[in-house]
$ cat target.pdb   # PDB, C-alpha atoms
MODEL        1
ATOM      1  CA  MET A   1       0.000   0.000   0.000
ATOM      2  CA  ARG A   2       1.295   3.425  -0.890
ATOM      3  CA  SER A   3       1.521   6.092   1.781
ATOM      4  CA  SER A   4       2.255   9.812   1.846
ATOM      5  CA  LEU A   5       3.286  12.440   4.359
ATOM      6  CA  ARG A   6       2.272  16.083   4.211
ATOM      7  CA  HIS A   7       5.161  18.352   3.266
ATOM      8  CA  ASP A   8       3.849  21.728   2.151
ATOM      9  CA  VAL A   9       2.672  21.013  -1.401
ATOM     10  CA  VAL A  10       5.053  18.094  -1.884
ATOM     11  CA  ALA A  11       4.423  14.691  -0.303
ATOM     12  CA  PRO A  12       7.179  12.041  -0.156
ATOM     13  CA  LEU A  13       6.037   8.662  -1.454
ATOM     14  CA  VAL A  14       7.672   5.266  -1.009
ATOM     15  CA  ARG A  15       7.550   3.302  -4.268
ATOM     16  CA  ARG A  16       9.588   0.459  -5.762
ATOM     17  CA  PRO A  17      11.224   1.200  -3.117
ATOM     18  CA  ARG A  18      12.449   4.622  -4.100
ATOM     19  CA  LEU A  19      11.645   8.000  -2.594
ATOM     20  CA  ALA A  20       8.854   9.809  -4.411
ATOM     21  CA  LEU A  21       7.530  13.296  -4.015
ATOM     22  CA  LEU A  22       4.022  14.480  -4.804
ATOM     23  CA  LEU A  23       3.270  17.854  -6.305
ATOM     24  CA  ALA A  24      -0.130  18.745  -7.763
ATOM     25  CA  LEU A  25      -0.188  20.948 -10.818
ATOM     26  CA  SER A  26      -2.912  21.426 -13.413
ATOM     27  CA  LEU A  27      -2.218  20.729 -17.056
ATOM     28  CA  VAL A  28      -2.912  23.174 -19.837
ATOM     29  CA  LEU A  29      -2.661  20.909 -22.863
ATOM     30  CA  ALA A  30      -3.969  17.337 -23.259
ATOM     31  CA  CYS A  31      -5.988  14.932 -25.415
ATOM     32  CA  GLU A  32      -6.961  11.262 -25.087
ATOM     33  CA  HIS A  33      -4.282   8.610 -25.678
ATOM     34  CA  SER A  34      -3.934   5.216 -23.991
ATOM     35  CA  SER A  35      -0.701   3.828 -25.434
ATOM     36  CA  THR A  36       2.986   4.701 -25.386
ATOM     37  CA  THR A  37       3.960   8.080 -26.890
ATOM     38  CA  ARG A  38       7.606   9.059 -27.316
ATOM     39  CA  GLY A  39       9.514  12.195 -28.325
ATOM     40  CA  ALA A  40      10.105  12.733 -32.012
ATOM     41  CA  ASP A  41      13.877  12.407 -31.671
ATOM     42  CA  SER A  42      13.528   8.917 -30.235
ATOM     43  CA  ALA A  43      10.834   7.424 -32.467
ATOM     44  CA  ALA A  44      13.102   5.982 -35.152
ATOM     45  CA  SER A  45      15.648   4.581 -32.720
ATOM     46  CA  VAL A  46      13.048   2.971 -30.470
ATOM     47  CA  ASN A  47      11.859   0.841 -33.366
ATOM     48  CA  ALA A  48      15.368  -0.138 -34.456
ATOM     49  CA  ALA A  49      14.671  -3.887 -34.385
ATOM     50  CA  SER A  50      13.506  -5.143 -37.768
ATOM     51  CA  ALA A  51      10.380  -7.230 -38.194
ATOM     52  CA  ASP A  52      10.959 -10.876 -39.003
ATOM     53  CA  THR A  53       9.837 -11.450 -42.586
ATOM     54  CA  GLY A  54      11.369 -14.891 -42.997
ATOM     55  CA  GLU A  55      14.691 -13.481 -44.162
ATOM     56  CA  GLN A  56      17.633 -12.901 -41.874
ATOM     57  CA  ALA A  57      16.960  -9.682 -39.944
ATOM     58  CA  ALA A  58      19.389  -6.802 -40.212
ATOM     59  CA  LEU A  59      21.737  -6.205 -37.322
ATOM     60  CA  ASN A  60      20.633  -3.768 -34.661
ATOM     61  CA  SER A  61      21.954  -0.314 -35.443
ATOM     62  CA  GLY A  62      22.605   2.791 -33.421
ATOM     63  CA  TRP A  63      25.024   1.540 -30.793
ATOM     64  CA  ALA A  64      28.091   3.739 -30.291
ATOM     65  CA  PRO A  65      31.036   1.583 -31.470
ATOM     66  CA  GLU A  66      33.368   3.805 -29.444
ATOM     67  CA  ALA A  67      31.756   2.318 -26.326
ATOM     68  CA  GLY A  68      33.075  -1.151 -27.135
ATOM     69  CA  ALA A  69      31.585  -4.377 -28.427
ATOM     70  CA  VAL A  70      29.371  -5.230 -25.445
ATOM     71  CA  LEU A  71      27.374  -3.744 -22.602
ATOM     72  CA  LEU A  72      27.554  -5.506 -19.246
ATOM     73  CA  VAL A  73      24.632  -5.275 -16.843
ATOM     74  CA  ALA A  74      24.876  -6.305 -13.201
ATOM     75  CA  SER A  75      22.917  -9.373 -12.108
ATOM     76  CA  ASP A  76      21.594 -10.444  -8.722
ATOM     77  CA  ILE A  77      24.594 -12.752  -8.308
ATOM     78  CA  PRO A  78      27.850 -11.157  -7.083
ATOM     79  CA  ASP A  79      30.629 -11.022  -9.706
ATOM     80  CA  VAL A  80      28.252 -12.169 -12.454
ATOM     81  CA  ALA A  81      27.144  -9.924 -15.310
ATOM     82  CA  GLN A  82      24.729 -10.215 -18.205
ATOM     83  CA  VAL A  83      26.369  -9.587 -21.580
ATOM     84  CA  VAL A  84      24.201  -7.476 -23.867
ATOM     85  CA  PHE A  85      25.325  -7.720 -27.494
ATOM     86  CA  PRO A  86      24.327  -4.427 -29.177
ATOM     87  CA  GLU A  87      23.861  -5.847 -32.682
ATOM     88  CA  VAL A  88      21.237  -8.427 -31.641
ATOM     89  CA  THR A  89      17.620  -7.651 -32.561
ATOM     90  CA  ASP A  90      14.382  -9.112 -31.262
ATOM     91  CA  SER A  91      14.341 -11.323 -34.362
ATOM     92  CA  THR A  92      17.860 -12.673 -33.793
ATOM     93  CA  PHE A  93      17.728 -12.915 -29.999
ATOM     94  CA  GLY A  94      19.040 -16.324 -28.938
ATOM     95  CA  ASP A  95      21.198 -16.783 -32.056
ATOM     96  CA  SER A  96      24.390 -18.273 -30.592
ATOM     97  CA  THR A  97      26.472 -16.998 -33.499
ATOM     98  CA  LEU A  98      25.688 -13.439 -32.415
ATOM     99  CA  THR A  99      26.271 -14.060 -28.707
ATOM    100  CA  ASP A 100      29.555 -15.948 -28.817
ATOM    101  CA  LEU A 101      31.333 -15.318 -25.530
ATOM    102  CA  ALA A 102      34.779 -16.421 -26.745
ATOM    103  CA  PRO A 103      35.844 -12.921 -27.910
ATOM    104  CA  VAL A 104      34.653 -11.447 -24.611
ATOM    105  CA  ARG A 105      36.686 -13.775 -22.400
ATOM    106  CA  GLY A 106      39.727 -12.030 -20.914
ATOM    107  CA  THR A 107      38.386  -8.542 -21.661
ATOM    108  CA  ARG A 108      39.141  -5.844 -19.111
ATOM    109  CA  VAL A 109      36.015  -3.893 -18.263
ATOM    110  CA  THR A 110      35.294  -0.788 -16.227
ATOM    111  CA  LEU A 111      32.280  -0.974 -13.940
ATOM    112  CA  TYR A 112      30.047   2.014 -13.257
ATOM    113  CA  SER A 113      27.379   2.835 -10.722
ATOM    114  CA  ARG A 114      25.013   5.797 -10.670
ATOM    115  CA  GLU A 115      27.515   7.551  -8.427
ATOM    116  CA  GLY A 116      30.468   7.104 -10.806
ATOM    117  CA  GLN A 117      33.219   4.602 -11.598
ATOM    118  CA  ALA A 118      33.063   1.596  -9.285
ATOM    119  CA  GLY A 119      36.157  -0.387 -10.295
ATOM    120  CA  THR A 120      37.598  -2.669 -12.962
ATOM    121  CA  ALA A 121      37.355  -6.395 -13.621
ATOM    122  CA  ILE A 122      38.348  -9.130 -16.055
ATOM    123  CA  VAL A 123      35.774 -11.288 -17.833
ATOM    124  CA  VAL A 124      36.744 -14.821 -16.753
ATOM    125  CA  GLY A 125      34.229 -16.796 -18.797
ATOM    126  CA  GLU A 126      30.665 -18.005 -19.027
ATOM    127  CA  ASP A 127      28.718 -18.440 -15.805
ATOM    128  CA  SER A 128      26.855 -21.730 -16.209
ATOM    129  CA  THR A 129      24.972 -21.331 -12.929
ATOM    130  CA  ALA A 130      23.236 -18.161 -14.070
ATOM    131  CA  ARG A 131      22.375 -19.754 -17.413
ATOM    132  CA  SER A 132      20.972 -22.795 -15.631
ATOM    133  CA  ASP A 133      18.831 -20.616 -13.384
ATOM    134  CA  SER A 134      17.450 -18.742 -16.397
ATOM    135  CA  SER A 135      16.602 -22.008 -18.163
ATOM    136  CA  SER A 136      14.736 -23.341 -15.156
ATOM    137  CA  GLU A 137      12.501 -20.269 -15.198
ATOM    138  CA  GLU A 138      11.796 -20.797 -18.898
ATOM    139  CA  CYS A 139      12.833 -17.274 -19.809
ATOM    140  CA  ALA A 140      15.089 -16.021 -22.578
ATOM    141  CA  GLY A 141      17.943 -13.983 -21.162
ATOM    142  CA  TRP A 142      21.298 -12.600 -22.171
ATOM    143  CA  PRO A 143      24.295 -14.876 -21.584
ATOM    144  CA  ALA A 144      26.067 -14.431 -18.258
ATOM    145  CA  VAL A 145      29.767 -14.206 -17.469
ATOM    146  CA  ARG A 146      31.779 -14.330 -14.286
ATOM    147  CA  LEU A 147      34.040 -11.410 -13.415
ATOM    148  CA  ARG A 148      37.297 -11.268 -11.473
ATOM    149  CA  ASN A 149      37.764  -7.959  -9.712
ATOM    150  CA  GLU A 150      41.057  -6.131 -10.162
ATOM    151  CA  GLY A 151      43.118  -4.192  -7.671
ATOM    152  CA  GLN A 152      41.186  -3.032  -4.618
ATOM    153  CA  GLY A 153      38.005  -4.565  -5.945
ATOM    154  CA  VAL A 154      34.688  -2.942  -6.754
ATOM    155  CA  ARG A 155      33.566  -0.087  -4.520
ATOM    156  CA  GLY A 156      29.952  -0.728  -3.572
ATOM    157  CA  SER A 157      27.376  -1.945  -6.040
ATOM    158  CA  TRP A 158      27.655  -1.373  -9.785
ATOM    159  CA  THR A 159      25.060  -1.249 -12.530
ATOM    160  CA  ILE A 160      26.794  -1.411 -15.942
ATOM    161  CA  GLY A 161      30.178  -2.235 -17.424
ATOM    162  CA  LEU A 162      31.957  -1.188 -20.617
ATOM    163  CA  VAL A 163      35.252  -2.179 -22.209
ATOM    164  CA  SER A 164      37.934  -0.258 -20.320
ATOM    165  CA  GLY A 165      39.214   2.947 -21.871
ATOM    166  CA  ARG A 166      36.003   3.596 -23.807
ATOM    167  CA  ALA A 167      34.131   5.908 -21.424
ATOM    168  CA  GLN A 168      34.426   8.132 -18.380
ATOM    169  CA  SER A 169      31.900   8.338 -15.582
ATOM    170  CA  LEU A 170      29.450  11.210 -15.111
ATOM    171  CA  PRO A 171      28.352  10.947 -11.470
ATOM    172  CA  LEU A 172      24.624  11.284 -10.841
ATOM    173  CA  ASP A 173      23.507  13.263  -7.784
ATOM    174  CA  SER A 174      20.220  11.855  -6.456
ATOM    175  CA  ILE A 175      17.441  13.993  -5.015
ATOM    176  CA  GLU A 176      17.317  11.543  -2.117
ATOM    177  CA  ARG A 177      20.641  12.890  -0.865
ATOM    178  CA  LEU A 178      19.411  16.453  -0.610
ATOM    179  CA  SER A 179      17.981  18.055   2.482
ATOM    180  CA  ARG A 180      14.207  18.001   2.804
ATOM    181  CA  PRO A 181      13.756  21.668   1.750
ATOM    182  CA  ASP A 182      16.145  21.284  -1.198
ATOM    183  CA  SER A 183      14.541  18.033  -2.354
ATOM    184  CA  ALA A 184      11.072  19.607  -2.146
ATOM    185  CA  ARG A 185      12.258  22.616  -4.143
ATOM    186  CA  LEU A 186      13.836  20.452  -6.852
ATOM    187  CA  ALA A 187      10.749  18.220  -7.045
ATOM    188  CA  GLY A 188       8.625  21.314  -7.477
ATOM    189  CA  GLU A 189      10.813  22.533 -10.324
ATOM    190  CA  VAL A 190      10.603  19.145 -12.042
ATOM    191  CA  ALA A 191       6.819  18.964 -11.656
ATOM    192  CA  ARG A 192       6.420  22.456 -13.089
ATOM    193  CA  LEU A 193       8.677  21.451 -15.963
ATOM    194  CA  ALA A 194       6.498  18.377 -16.595
ATOM    195  CA  SER A 195       3.301  20.433 -16.578
ATOM    196  CA  GLY A 196       4.588  22.471 -19.516
ATOM    197  CA  LEU A 197       6.004  19.656 -21.630
ATOM    198  CA  PRO A 198       4.845  19.544 -25.256
ATOM    199  CA  ASP A 199       3.002  16.650 -26.916
ATOM    200  CA  ASP A 200       0.936  15.788 -23.833
ATOM    201  CA  THR A 201      -1.623  13.543 -25.496
ATOM    202  CA  ALA A 202      -3.044  11.791 -22.410
ATOM    203  CA  ARG A 203      -6.244  13.796 -21.859
ATOM    204  CA  VAL A 204      -7.536  11.411 -19.223
ATOM    205  CA  PHE A 205      -4.735  12.459 -16.832
ATOM    206  CA  ARG A 206      -5.495  16.192 -17.081
ATOM    207  CA  GLY A 207      -5.418  17.928 -13.715
ATOM    208  CA  LEU A 208      -3.968  14.956 -11.841
ATOM    209  CA  PRO A 209      -0.917  15.413  -9.586
ATOM    210  CA  TYR A 210       2.567  14.395 -10.586
ATOM    211  CA  TYR A 211       4.474  11.859  -8.507
ATOM    212  CA  VAL A 212       8.186  12.630  -8.798
ATOM    213  CA  HIS A 213       9.899   9.296  -8.179
ATOM    214  CA  THR A 214      13.535  10.056  -8.919
ATOM    215  CA  VAL A 215      15.567  13.062  -9.989
ATOM    216  CA  ARG A 216      19.270  12.712 -10.742
ATOM    217  CA  ARG A 217      21.449  15.695 -11.611
ATOM    218  CA  PHE A 218      24.750  15.637 -13.495
ATOM    219  CA  ARG A 219      27.077  17.878 -15.496
ATOM    220  CA  ALA A 220      26.350  17.428 -19.197
ATOM    221  CA  ALA A 221      29.002  19.870 -20.423
ATOM    222  CA  PRO A 222      31.089  22.753 -19.086
ATOM    223  CA  GLY A 223      28.633  25.292 -17.685
ATOM    224  CA  VAL A 224      25.643  23.019 -18.335
ATOM    225  CA  GLU A 225      23.727  21.291 -15.539
ATOM    226  CA  ALA A 226      21.400  18.451 -16.523
ATOM    227  CA  LEU A 227      18.864  16.238 -14.821
ATOM    228  CA  VAL A 228      17.027  13.037 -15.639
ATOM    229  CA  ALA A 229      13.728  12.503 -13.866
ATOM    230  CA  ASP A 230      11.076   9.794 -13.603
ATOM    231  CA  LEU A 231       7.506  10.962 -12.956
ATOM    232  CA  SER A 232       4.020   9.528 -13.125
ATOM    233  CA  ARG A 233       0.339  10.410 -12.950
ATOM    234  CA  ARG A 234      -2.289   7.927 -11.815
ATOM    235  CA  ILE A 235      -6.002   7.239 -11.984
ATOM    236  CA  ASN A 236      -6.800   5.225  -8.874
ATOM    237  CA  GLN A 237      -9.906   3.404 -10.068
ATOM    238  CA  GLU A 238     -10.265  -0.001  -8.458
ATOM    239  CA  ALA A 239     -11.678  -1.616 -11.582
ATOM    240  CA  ASN A 240      -9.195  -0.052 -13.991
ATOM    241  CA  PRO A 241      -6.217   1.675 -12.354
ATOM    242  CA  ARG A 242      -4.265   3.560 -14.998
ATOM    243  CA  GLU A 243      -0.890   5.214 -14.953
ATOM    244  CA  GLU A 244       1.233   7.464 -17.142
ATOM    245  CA  GLN A 245       5.019   7.232 -16.856
ATOM    246  CA  ILE A 246       7.243  10.092 -17.998
ATOM    247  CA  LEU A 247      11.021  10.069 -18.463
ATOM    248  CA  VAL A 248      12.465  13.537 -18.995
ATOM    249  CA  VAL A 249      15.974  14.929 -19.508
ATOM    250  CA  ALA A 250      16.401  18.659 -18.975
ATOM    251  CA  GLU A 251      19.244  21.163 -19.021
ATOM    252  CA  ARG A 252      20.009  24.646 -17.719
ATOM    253  CA  ASP A 253      22.906  27.078 -17.475
ATOM    254  CA  SER A 254      24.755  26.233 -14.275
ATOM    255  CA  GLY A 255      26.236  29.729 -14.112
ATOM    256  CA  SER A 256      22.898  31.506 -13.614
ATOM    257  CA  ALA A 257      21.279  31.218 -10.200
ATOM    258  CA  GLY A 258      17.686  30.096 -10.506
ATOM    259  CA  ALA A 259      17.923  29.460 -14.252
ATOM    260  CA  PRO A 260      14.889  27.511 -15.508
ATOM    261  CA  TRP A 261      15.115  23.909 -16.619
ATOM    262  CA  ARG A 262      14.457  23.337 -20.323
ATOM    263  CA  PRO A 263      13.313  19.933 -21.628
ATOM    264  CA  ALA A 264      15.834  18.158 -23.859
ATOM    265  CA  PHE A 265      14.177  14.732 -24.164
ATOM    266  CA  VAL A 266      10.778  13.281 -23.211
ATOM    267  CA  GLU A 267       9.398   9.743 -23.337
ATOM    268  CA  ARG A 268       5.854   8.911 -22.237
ATOM    269  CA  ALA A 269       4.000   5.655 -21.692
ATOM    270  CA  SER A 270       0.486   5.074 -20.375
ATOM    271  CA  GLY A 271      -1.712   2.080 -19.689
ATOM    272  CA  HIS A 272      -2.840  -0.259 -16.932
ATOM    273  CA  GLU A 273      -0.998   0.353 -13.682
ATOM    274  CA  GLY A 274       0.384  -3.169 -13.558
ATOM    275  CA  SER A 275       1.748  -3.278 -17.121
ATOM    276  CA  VAL A 276       2.737   0.272 -18.095
ATOM    277  CA  GLU A 277       6.374   0.752 -19.100
ATOM    278  CA  THR A 278       8.723   2.097 -16.429
ATOM    279  CA  HIS A 279      12.330   3.284 -16.478
ATOM    280  CA  ASP A 280      15.434   2.999 -14.357
ATOM    281  CA  VAL A 281      18.526   5.112 -15.077
ATOM    282  CA  LEU A 282      21.539   2.832 -14.586
ATOM    283  CA  ALA A 283      24.478   5.171 -15.187
ATOM    284  CA  ALA A 284      25.730   8.270 -16.979
ATOM    285  CA  VAL A 285      28.968   8.152 -18.975
ATOM    286  CA  ALA A 286      30.938  10.259 -21.458
ATOM    287  CA  ILE A 287      31.712   8.003 -24.429
ATOM    288  CA  GLY A 288      34.724   8.024 -26.728
ATOM    289  CA  ALA A 289      37.337  10.652 -27.431
ATOM    290  CA  ALA A 290      34.573  13.197 -28.017
ATOM    291  CA  ARG A 291      33.239  12.417 -24.524
ATOM    292  CA  ARG A 292      29.610  12.459 -25.649
ATOM    293  CA  PRO A 293      27.347  12.549 -22.582
ATOM    294  CA  SER A 294      25.170   9.429 -22.552
ATOM    295  CA  LEU A 295      22.668   7.757 -20.252
ATOM    296  CA  VAL A 296      22.163   3.997 -20.008
ATOM    297  CA  VAL A 297      18.533   3.314 -19.101
ATOM    298  CA  ALA A 298      16.593   0.118 -18.417
ATOM    299  CA  ARG A 299      13.045   0.153 -19.766
ATOM    300  CA  TYR A 300      10.735  -2.438 -18.229
ATOM    301  CA  VAL A 301       8.190  -3.585 -20.803
ATOM    302  CA  SER A 302       5.514  -6.142 -19.886
ATOM    303  CA  ASP A 303       7.576  -8.966 -18.366
ATOM    304  CA  GLY A 304      10.823  -8.009 -20.074
ATOM    305  CA  ILE A 305      13.642  -5.485 -20.130
ATOM    306  CA  VAL A 306      15.220  -3.486 -22.922
ATOM    307  CA  TYR A 307      18.214  -1.186 -22.541
ATOM    308  CA  LEU A 308      18.491   2.283 -24.053
ATOM    309  CA  LEU A 309      21.455   4.479 -24.870
ATOM    310  CA  LEU A 310      20.424   8.129 -24.676
ATOM    311  CA  GLU A 311      22.916  10.538 -26.212
ATOM    312  CA  ARG A 312      23.360  14.312 -26.104
ATOM    313  CA  VAL A 313      23.543  15.401 -29.738
ATOM    314  CA  ALA A 314      23.554  19.189 -29.234
ATOM    315  CA  ALA A 315      22.925  21.804 -26.587
ATOM    316  CA  GLY A 316      19.486  21.088 -25.145
ATOM    317  CA  GLN A 317      18.948  18.043 -27.397
ATOM    318  CA  TRP A 318      19.047  14.365 -26.416
ATOM    319  CA  ARG A 319      17.882  11.332 -28.377
ATOM    320  CA  VAL A 320      17.620   7.558 -28.082
ATOM    321  CA  ARG A 321      20.586   6.371 -30.114
ATOM    322  CA  TRP A 322      20.185   2.628 -29.534
ATOM    323  CA  THR A 323      17.664   0.178 -28.084
ATOM    324  CA  SER A 324      18.591  -3.415 -27.217
ATOM    325  CA  ALA A 325      16.614  -6.520 -27.986
ATOM    326  CA  ALA A 326      14.108  -7.405 -25.270
ATOM    327  CA  SER A 327      14.998  -9.982 -22.642
ATOM    328  CA  ASP A 328      12.219 -11.554 -20.598
ATOM    329  CA  CYS A 329      14.599 -12.508 -17.773
ATOM    330  CA  GLY A 330      14.594  -9.718 -15.192
TER     331      GLY A 330
ENDMDL
END
$ encode --input "target.pdb" --output "structure tokens"
Amino acid sequence: MRSSLRHDVVAPLVRRPRLALLLALSLVLACEHSSTTRGADSAASVNAASADTGEQAALNSGWAPEAGAVLLVASDIPDVAQVVFPEVTDSTFGDSTLTDLAPVRGTRVTLYSREGQAGTAIVVGEDSTARSDSSSEECAGWPAVRLRNEGQGVRGSWTIGLVSGRAQSLPLDSIERLSRPDSARLAGEVARLASGLPDDTARVFRGLPYYVHTVRRFRAAPGVEALVADLSRRINQEANPREEQILVVAERDSGSAGAPWRPAFVERASGHEGSVETHDVLAAVAIGAARRPSLVVARYVSDGIVYLLLERVAAGQWRVRWTSAASDCG
């Protein structure tokens, strides 16, 4: 059961099990829509996987080759990672020729958390235990490998890994670490930002309060402060509870006190409360020699997970560059 505590106009909310803050604001633009709606910049990339027409599907495109050949994602088992192969599509998922672990074995990888770089490790080889567990649950998951930590070991928990030397960390500062007044102020700014976002096509949610679940700030470029936030609106009808999920990236000039946040990327999804898509920001990194700011995001769809690579393409502009194939093993 969800609960809330009065805090001026913002109410903290415990959910999944993150801190959430409630701020009610009326909307000024809306129309009916009951399915997922995404920003124009991301539409083409989100549908990167080709439909299976009986011929061999094209390889997944969009991944930044400067980031290395694979993306590692932490599992529930210590020192075990899932290996996400960027070129695999939904049509070719499970093709062993595209998920050969031999070239990955012995690779040195850098591990990242939301707070920054967490350490380095060596890919030892396939983890048969994790594969066996996935098979017993009758789910299709990415292959798993075992890691051997280097040096002092990994500091705390980590979320993703990339081939070493390919990226630098961009630490994310969570709203949960702020004082109560500062967190309430930031949540209010984010909710006001959300109330003015364009392309709000969910008329049924008009006038409902925003629940600000997470806000993470980071430095996108010299003199540029950015944030990535996860919000929702809900219709609490017992027979048909509905929810809208919003992922937003915004930027502002860090040199101007009180400068307004400006939206740089928006992704919306709406539907039944139990099945609507949700997001989890795993890490922020600067990729390649150009140090392009990027966010690695997990999108939970139905019973599966897909991974996104969001990239800053210009001042105030972000897009989904790459979307992985969907795995139904959480």
$ closest_atom_pairs --input "target.pdb" --of "stretch 137-207 of chain A" --to "stretch 74-83 of chain A" --cutoff "9 Å" --atoms "all atoms listed in the file" --output "CSV"
residue,atom,partner,partner_atom,distance
A:Gly141,CA,A:Gln82,CA,8.3
A:Trp142,CA,A:Gln82,CA,5.8
A:Pro143,CA,A:Val83,CA,5.7
A:Ala144,CA,A:Gln82,CA,4.4
A:Val145,CA,A:Ala81,CA,5.5
A:Arg146,CA,A:Val80,CA,4.5
A:Leu147,CA,A:Asp79,CA,5.1
A:Arg148,CA,A:Asp79,CA,6.9
A:Asn149,CA,A:Asp79,CA,7.8
A:Ser157,CA,A:Ala74,CA,8.7
A:Trp158,CA,A:Ala74,CA,6.6
A:Thr159,CA,A:Ala74,CA,5.1
A:Ile160,CA,A:Ala74,CA,5.9
A:Gly161,CA,A:Ala74,CA,7.9
$ closest_atom_pairs --input "target.pdb" --of "stretch 172-195 of chain A" --to "stretch 269-292 of chain A" --cutoff "12 Å" --atoms "all atoms listed in the file" --output "CSV"
residue,atom,partner,partner_atom,distance
A:Leu172,CA,A:Ala284,CA,6.9
A:Asp173,CA,A:Ala284,CA,10.7
A:Ser174,CA,A:Val281,CA,11.1
$ residues_around --input "target.pdb" --residues "A:Pro293" --least-positions-apart "4" --cutoff "10 Å" --atoms "all atoms listed in the file" --output "VMD selection string"
chain A and resid 167 to 170 218 to 221 284 to 288 310 to 313 318
$ resolve_selection --input "target.pdb" --expression "the PyMOL selection byres ((chain A and resi 115-117) around 6)" --output "PyMOL selection string"
chain A and resi 112-114+118-119+169+171-172
$ write_last_selection --input "target.pdb" --atoms "C-alpha atoms" --output "compact mmCIF listing (two decimals), keeping the file's coordinate frame"
# COMPACT_ATOMS: atom_id res chain seq x y z
CA TYR A 112 30.05 2.01 -13.26
CA SER A 113 27.38 2.84 -10.72
CA ARG A 114 25.01 5.80 -10.67
CA ALA A 118 33.06 1.60 -9.28
CA GLY A 119 36.16 -0.39 -10.30
CA SER A 169 31.90 8.34 -15.58
CA PRO A 171 28.35 10.95 -11.47
CA LEU A 172 24.62 11.28 -10.84
$ residues_near_point --input "target.pdb" --point "(14.8, 23.8, -21.3)" --cutoff "12 Å" --atoms "only C-alpha atoms" --output "JSON, numbers by chain"
{"A": [189, 190, 192, 193, 194, 196, 197, 198, 224, 225, 226, 227, 248, 249, 250, 251, 252, 253, 259, 260, 261, 262, 263, 264, 265, 266, 315, 316, 317, 318]}
$ atom_distance --input "target.pdb" --atom1 "atom CA of A:Val306" --atom2 "atom CA of A:Val70"
14.5 Å
$ closest_residue --input "target.pdb" --among "A:Ala326, A:Leu59, A:Val228, A:His213" --to "A:Ser294" --atoms "all atoms listed in the file"
A:Val228
$ atom_distance --input "target.pdb" --atom1 "atom CA of A:Leu309" --atom2 "atom CA of A:Phe205"
28.5 Å
$ decode --input "target.pdb" --residues "stretch 287-297 of chain A" --atoms "N, CA, C and O atoms" --output "tab-separated table (two decimals), in the first residue's frame"
chain	number	residue	atom	x	y	z
A	287	ILE	N	31.21	9.06	-23.56
A	287	ILE	CA	31.71	8.00	-24.43
A	287	ILE	C	32.69	8.53	-25.46
A	287	ILE	O	32.47	9.57	-26.08
A	288	GLY	N	33.77	7.76	-25.66
A	288	GLY	CA	34.72	8.02	-26.73
A	288	GLY	C	35.60	9.24	-26.50
A	288	GLY	O	35.52	9.94	-25.48
A	289	ALA	N	36.43	9.51	-27.50
A	289	ALA	CA	37.34	10.65	-27.43
A	289	ALA	C	36.58	11.97	-27.40
A	289	ALA	O	37.03	12.95	-26.80
A	290	ALA	N	35.40	11.99	-28.02
A	290	ALA	CA	34.57	13.20	-28.02
A	290	ALA	C	33.86	13.40	-26.69
A	290	ALA	O	33.28	14.46	-26.46
A	291	ARG	N	33.88	12.37	-25.84
A	291	ARG	CA	33.24	12.42	-24.52
A	291	ARG	C	31.77	12.85	-24.64
A	291	ARG	O	31.32	13.77	-23.96
A	292	ARG	N	31.03	12.15	-25.48
A	292	ARG	CA	29.61	12.46	-25.65
A	292	ARG	C	28.82	12.02	-24.43
A	292	ARG	O	28.81	10.82	-24.09
A	293	PRO	N	28.15	12.93	-23.75
A	293	PRO	CA	27.35	12.55	-22.58
A	293	PRO	C	26.25	11.57	-22.98
A	293	PRO	O	25.53	11.80	-23.96
A	294	SER	N	26.14	10.47	-22.23
A	294	SER	CA	25.17	9.43	-22.55
A	294	SER	C	24.58	8.86	-21.27
A	294	SER	O	25.25	8.81	-20.23
A	295	LEU	N	23.35	8.41	-21.36
A	295	LEU	CA	22.67	7.76	-20.25
A	295	LEU	C	22.31	6.34	-20.66
A	295	LEU	O	21.80	6.12	-21.76
A	296	VAL	N	22.60	5.38	-19.80
A	296	VAL	CA	22.16	4.00	-20.01
A	296	VAL	C	20.93	3.78	-19.14
A	296	VAL	O	20.97	3.96	-17.92
A	297	VAL	N	19.82	3.40	-19.78
A	297	VAL	CA	18.53	3.31	-19.10
A	297	VAL	C	17.93	1.94	-19.33
A	297	VAL	O	17.99	1.39	-20.44
